[in-house]
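Chemist: After the structure tokens below, expect a handful of questions from me.
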Amino acid sequence: MAVAGESGKDGALAANARMYAPNADAAAAWRALFDWVSARSGVPLVVLDHGFPARLEDLWSRDDLGAAFMCGWPFVRAGSRHRIVAAPVPAAARYGGRAEYRTDFVVRAESAIHRLEDSFGRRLAFTVDHSHSGYNAPRHHLLRFRKADRPTLYAATVGPCVTPKRVLDAVLDGSADVAPLDGYTLELMLRHDPELGPRIRIVASTDPVPMPPLVASPSVPDAAVEALRAAFLASGEAPALTAVREALALAGFAVTDPADYAVTERWAAEALAAGYPAPA
């Protein structure tokens, strides 16, 4: 059973869904899913509390991870050493039943910004500079708008805001005019906060890339990884998890190829080659 506490005891491995737990309802649903996966797989999981301001890099460096979300770009930059257990398949129709996601550019509902181009010359918020969805993907998307006489698109950047909530708050309180947000995270925010939808608009979205995977540490035995993977794959059809999948806007899980995440580093290389080190 997945419980809160310290991993390592009795061979328990750590589970963490911070990347996709933007609110208490989503966090509770992930905990219920981890609990089911632990029981189904026979692999003891301990749900770690690793909220802001704790660094995600410190979570990913642990040697006892059994199922923790890891951004695809840091996954590649760390040498693709972590073991991919499974990746979520978002339920949203725009993903076509694939384990992929996009970054959405969000503005306030009353904003005069109706196209991404309308936001140029204003203020862009971002999460952290090692995030694909919050930094690398928007930077790559913005490359197409840069010109020799307009190498900088924004008057200022606001951040690092670190968490999706804080970057969205920067838009809502007027500190920033536009912000890139992981599209799946945004859907979870909207699902559990009915008052949020009328307050924001999406004005553009990036191309899709593979969903951030749930990973295990490199040293975790094959048998444990395989048992956890089988349980996550089975969770997509489990009747007992219908409400959990609904709460997580989740169709199920899939196994992604580590090589597919190389697109994140290619996008970074293209931006740097064009002399565009930051999305500004």
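By convention in this document, the chains of the structure tokens carry letters A, B, ... by their order, each chain's residues are numbered from 1, and ligands are numbered from 1 in the order they are shown.
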Give me the residues within 9 Å of Leu56 (chain A) as an NGL selection string, counting only C-alpha atoms and dropping any in the same chain fewer than 5 places off.
Modeler: :A and (18-19 or 50-51 or 61 or 70)
Chemist: So that I have them on file, write out the residues from the current selection with C-alpha atoms, as a short mmCIF file (atom, residue, chain, number, x, y, z; two decimals), in the first residue's frame.
Modeler:
```
data_model
loop_
_atom_site.label_atom_id
_atom_site.label_comp_id
_atom_site.auth_asym_id
_atom_site.auth_seq_id
_atom_site.Cartn_x
_atom_site.Cartn_y
_atom_site.Cartn_z
CA ARG A 18 4.20 16.87 -7.68
CA MET A 19 4.52 17.83 -11.35
CA HIS A 50 8.11 17.10 -1.89
CA GLY A 51 6.21 20.34 -2.45
CA SER A 61 18.55 12.57 -7.77
CA MET A 70 10.21 13.65 -14.34
#
```
Chemist: Using only C-alpha atoms, which residues sit within 12 Å of Asp129 (chain A) once same-chain residues fewer than 6 positions away are excluded, as a ChimeraX atom specification?
Modeler: /A:71,73-74,135-139,157-163,268,277-279
Chemist: Give me, please, the distance in Å between CA of Gly197 (chain A) and CA of Asp173 (chain A), quoted to one decimal.
Modeler: 15.3 Å
Chemist: Mind checking which residues fall within 12 Å of Leu172 (chain A), counting only C-alpha atoms, ignoring those fewer than 2 positions away in the same chain, and posting them as a ChimeraX atom specification?
Modeler: /A:106-111,125,165-170,174-179,196-201
Chemist: Output the selection as an mmCIF file, in the first residue's frame - N, CA, C and O atoms for each residue.
Modeler:
```cif
data_model
loop_
_atom_site.group_PDB
_atom_site.id
_atom_site.type_symbol
_atom_site.label_atom_id
_atom_site.label_comp_id
_atom_site.auth_asym_id
_atom_site.auth_seq_id
_atom_site.Cartn_x
_atom_site.Cartn_y
_atom_site.Cartn_z
ATOM 1 N N VAL A 106 -1.127 31.330 -21.981
ATOM 2 C CA VAL A 106 -2.337 31.756 -21.291
ATOM 3 C C VAL A 106 -2.290 33.250 -20.984
ATOM 4 O O VAL A 106 -1.237 33.787 -20.591
ATOM 5 N N VAL A 107 -3.439 33.909 -21.163
ATOM 6 C CA VAL A 107 -3.581 35.323 -20.810
ATOM 7 C C VAL A 107 -4.843 35.491 -19.969
ATOM 8 O O VAL A 107 -5.665 34.577 -19.874
ATOM 9 N N ARG A 108 -5.009 36.652 -19.363
ATOM 10 C CA ARG A 108 -6.249 36.953 -18.651
ATOM 11 C C ARG A 108 -7.404 37.063 -19.638
ATOM 12 O O ARG A 108 -7.221 37.509 -20.780
ATOM 13 N N ALA A 109 -8.578 36.693 -19.216
ATOM 14 C CA ALA A 109 -9.743 36.694 -20.095
ATOM 15 C C ALA A 109 -10.026 38.073 -20.672
ATOM 16 O O ALA A 109 -10.420 38.209 -21.833
ATOM 17 N N GLU A 110 -9.818 39.116 -19.870
ATOM 18 C CA GLU A 110 -10.133 40.472 -20.320
ATOM 19 C C GLU A 110 -8.993 41.134 -21.077
ATOM 20 O O GLU A 110 -9.091 42.292 -21.516
ATOM 21 N N SER A 111 -7.887 40.401 -21.279
ATOM 22 C CA SER A 111 -6.714 40.962 -21.937
ATOM 23 C C SER A 111 -7.015 41.339 -23.391
ATOM 24 O O SER A 111 -7.851 40.726 -24.058
ATOM 25 N N ALA A 125 5.830 35.468 -18.216
ATOM 26 C CA ALA A 125 6.220 34.740 -17.002
ATOM 27 C C ALA A 125 6.689 33.337 -17.378
ATOM 28 O O ALA A 125 6.269 32.780 -18.394
ATOM 29 N N LYS A 165 1.151 27.034 -10.561
ATOM 30 C CA LYS A 165 0.213 27.928 -9.873
ATOM 31 C C LYS A 165 0.784 29.330 -9.765
ATOM 32 O O LYS A 165 0.086 30.330 -9.997
ATOM 33 N N ARG A 166 2.054 29.426 -9.410
ATOM 34 C CA ARG A 166 2.663 30.741 -9.229
ATOM 35 C C ARG A 166 2.814 31.471 -10.566
ATOM 36 O O ARG A 166 2.669 32.692 -10.628
ATOM 37 N N VAL A 167 3.074 30.720 -11.644
ATOM 38 C CA VAL A 167 3.193 31.384 -12.943
ATOM 39 C C VAL A 167 1.817 31.853 -13.413
ATOM 40 O O VAL A 167 1.680 32.934 -14.010
ATOM 41 N N LEU A 168 0.773 31.071 -13.126
ATOM 42 C CA LEU A 168 -0.573 31.493 -13.482
ATOM 43 C C LEU A 168 -1.013 32.673 -12.613
ATOM 44 O O LEU A 168 -1.676 33.605 -13.099
ATOM 45 N N ASP A 169 -0.638 32.651 -11.343
ATOM 46 C CA ASP A 169 -0.952 33.775 -10.459
ATOM 47 C C ASP A 169 -0.344 35.085 -10.987
ATOM 48 O O ASP A 169 -0.940 36.155 -10.847
ATOM 49 N N ALA A 170 0.854 34.976 -11.582
ATOM 50 C CA ALA A 170 1.503 36.181 -12.111
ATOM 51 C C ALA A 170 0.670 36.797 -13.230
ATOM 52 O O ALA A 170 0.606 38.030 -13.359
ATOM 53 N N GLY A 174 -1.708 40.404 -12.718
ATOM 54 C CA GLY A 174 -1.208 41.488 -13.552
ATOM 55 C C GLY A 174 0.290 41.668 -13.542
ATOM 56 O O GLY A 174 0.799 42.586 -14.198
ATOM 57 N N SER A 175 1.021 40.807 -12.831
ATOM 58 C CA SER A 175 2.481 40.925 -12.830
ATOM 59 C C SER A 175 3.071 40.575 -14.191
ATOM 60 O O SER A 175 4.157 41.030 -14.551
ATOM 61 N N ALA A 176 2.363 39.717 -14.939
ATOM 62 C CA ALA A 176 2.777 39.312 -16.276
ATOM 63 C C ALA A 176 1.557 39.363 -17.190
ATOM 64 O O ALA A 176 0.413 39.352 -16.724
ATOM 65 N N ASP A 177 1.810 39.412 -18.487
ATOM 66 C CA ASP A 177 0.714 39.503 -19.458
ATOM 67 C C ASP A 177 0.402 38.165 -20.110
ATOM 68 O O ASP A 177 -0.727 37.940 -20.567
ATOM 69 N N VAL A 178 1.378 37.277 -20.170
ATOM 70 C CA VAL A 178 1.198 35.976 -20.803
ATOM 71 C C VAL A 178 2.139 34.991 -20.132
ATOM 72 O O VAL A 178 3.200 35.380 -19.622
ATOM 73 N N ALA A 179 1.736 33.721 -20.111
ATOM 74 C CA ALA A 179 2.589 32.702 -19.498
ATOM 75 C C ALA A 179 2.374 31.370 -20.184
ATOM 76 O O ALA A 179 1.242 31.009 -20.526
ATOM 77 N N LEU A 196 -11.838 29.219 -12.360
ATOM 78 C CA LEU A 196 -10.641 29.615 -13.101
ATOM 79 C C LEU A 196 -10.926 29.802 -14.587
ATOM 80 O O LEU A 196 -10.428 30.755 -15.203
ATOM 81 N N GLY A 197 -11.706 28.918 -15.193
ATOM 82 C CA GLY A 197 -11.935 28.945 -16.631
ATOM 83 C C GLY A 197 -12.355 30.295 -17.177
ATOM 84 O O GLY A 197 -11.773 30.777 -18.170
ATOM 85 N N PRO A 198 -13.346 30.954 -16.561
ATOM 86 C CA PRO A 198 -13.777 32.257 -17.082
ATOM 87 C C PRO A 198 -12.739 33.366 -16.929
ATOM 88 O O PRO A 198 -12.909 34.445 -17.510
ATOM 89 N N ARG A 199 -11.673 33.102 -16.185
ATOM 90 C CA ARG A 199 -10.692 34.156 -15.912
ATOM 91 C C ARG A 199 -9.516 34.150 -16.879
ATOM 92 O O ARG A 199 -8.719 35.098 -16.887
ATOM 93 N N ILE A 200 -9.380 33.100 -17.701
ATOM 94 C CA ILE A 200 -8.207 32.979 -18.566
ATOM 95 C C ILE A 200 -8.619 32.585 -19.981
ATOM 96 O O ILE A 200 -9.724 32.106 -20.212
ATOM 97 N N ARG A 201 -7.690 32.767 -20.917
ATOM 98 C CA ARG A 201 -7.845 32.297 -22.287
ATOM 99 C C ARG A 201 -6.528 31.717 -22.769
ATOM 100 O O ARG A 201 -5.456 32.171 -22.355
#
```
Chemist: Return the single residue from A:Ala216, A:Ala112, A:Leu143, A:Ala54 that is closest to Ala15 (chain A), with distances computed using only C-alpha atoms.
Modeler: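 Going through A:Ala216, A:Ala112, A:Leu143, A:Ala54 one by one, the smallest distance to Ala15 (chain A) is for A:Ala216.
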Chemist: List every residue of region 157-207 of chain A that has an atom at most 9 Å from any atom of region 100-103 of chain A, giving for each one its closest atom pair and the distance in Å to one decimal, counting only C-alpha atoms, sorted by chain and then by ascending residue number, as JSON lines.
Modeler:
```
{"residue": "A:Pro180", "atom": "CA", "partner": "A:Thr103", "partner_atom": "CA", "distance": 6.1}
{"residue": "A:Leu181", "atom": "CA", "partner": "A:Thr103", "partner_atom": "CA", "distance": 5.4}
{"residue": "A:Asp182", "atom": "CA", "partner": "A:Thr103", "partner_atom": "CA", "distance": 4.7}
{"residue": "A:Gly183", "atom": "CA", "partner": "A:Thr103", "partner_atom": "CA", "distance": 5.1}
{"residue": "A:Tyr184", "atom": "CA", "partner": "A:Tyr101", "partner_atom": "CA", "distance": 6.5}
{"residue": "A:Ala204", "atom": "CA", "partner": "A:Thr103", "partner_atom": "CA", "distance": 8.5}
{"residue": "A:Ser205", "atom": "CA", "partner": "A:Thr103", "partner_atom": "CA", "distance": 5.5}
{"residue": "A:Thr206", "atom": "CA", "partner": "A:Thr103", "partner_atom": "CA", "distance": 5.4}
{"residue": "A:Asp207", "atom": "CA", "partner": "A:Arg102", "partner_atom": "CA", "distance": 6.1}
```
Chemist: I'd like the interatomic distance between CA of Gly121 (chain A) and CA of Glu270 (chain A), to a tenth of an Å.
Modeler: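 Taking CA of Gly121 (chain A) as the start and CA of Glu270 (chain A) as the end point, the length is 22.9 Å.
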Chemist: What residues in region 144-217 of chain A get the DSSP label strand (DSSP E or B)? Please answer as a CSV table (one decimal) with C-alpha atoms, in the first residue's frame.
Modeler:
```csv
chain,number,residue,atom,x,y,z
A,147,LYS,CA,13.6,38.7,-36.9
A,150,ARG,CA,13.4,42.1,-33.5
A,156,ALA,CA,10.6,41.7,-19.6
A,157,THR,CA,10.4,38.2,-18.2
A,158,VAL,CA,8.8,37.4,-14.8
A,178,VAL,CA,1.2,36.0,-20.8
A,179,ALA,CA,2.6,32.7,-19.5
A,180,PRO,CA,3.3,29.2,-20.9
A,181,LEU,CA,1.8,26.4,-19.0
A,182,ASP,CA,1.9,22.6,-19.3
A,200,ILE,CA,-8.2,33.0,-18.6
A,201,ARG,CA,-7.8,32.3,-22.3
A,202,ILE,CA,-5.4,30.2,-24.3
A,203,VAL,CA,-4.0,32.2,-27.3
A,204,ALA,CA,-1.5,29.6,-28.7
A,205,SER,CA,-0.1,26.2,-28.1
A,209,VAL,CA,6.0,16.1,-27.4
A,210,PRO,CA,6.0,12.9,-25.3
A,214,LEU,CA,6.8,8.3,-14.2
A,215,VAL,CA,10.4,7.0,-13.6
A,216,ALA,CA,12.3,4.7,-11.3
```
Chemist: Which residues of region 174-223 of chain A sit at most 10 Å from region 21-41 of chain A, using only C-alpha atoms? Give each one's shortest atom pair and distance in Å (one decimal place), in chain and ascending residue order, as CSV.
Modeler:
```
residue,atom,partner,partner_atom,distance
A:Thr185,CA,A:Pro22,CA,6.9
A:Leu186,CA,A:Pro22,CA,8.6
A:Leu188,CA,A:Ala26,CA,7.0
A:Met189,CA,A:Pro22,CA,6.4
A:Arg191,CA,A:Ala26,CA,9.2
A:His192,CA,A:Asp25,CA,6.8
A:Asp193,CA,A:Asn23,CA,8.9
```
Chemist: Excluding region 224-238 of chain A and any residue of its chain fewer than 6 positions from it, enumerate the residues within 12 Å of it, using only C-alpha atoms, and give them as an MDAnalysis selection string.
Modeler: chainID A and resid 11:13 15 30 32:45 64:68 82:91 97 213:218 244:246 248:256
Chemist: Pick out the residues sitting within 7 Å of Arg122 (chain A), and hand them over as an MDAnalysis selection string; count only C-alpha atoms, and ignore anything fewer than 2 positions along from it in its own chain.
Modeler: chainID A and resid 119:120 124 154:156 177
Chemist: Can you tell me, as JSON, numbers by chain, which residues in region 18-256 of chain A count as alpha helix (DSSP H) by DSSP?
Modeler: {"A": [24, 25, 26, 27, 28, 29, 30, 31, 32, 33, 34, 35, 36, 37, 38, 39, 40, 41, 56, 57, 58, 59, 60, 72, 73, 74, 75, 76, 77, 137, 138, 139, 140, 141, 142, 164, 165, 166, 167, 168, 169, 170, 171, 172, 183, 184, 185, 186, 187, 188, 189, 190, 191, 192, 222, 223, 224, 225, 226, 227, 228, 229, 230, 231, 232, 233, 234, 235, 242, 243, 244, 245, 246, 247]}
Chemist: One decimal, Å: what's the distance from CA of Gly79 (chain A) over to CA of Pro258 (chain A), could you say?
Modeler: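 These atoms are spaced 10.1 Å apart.
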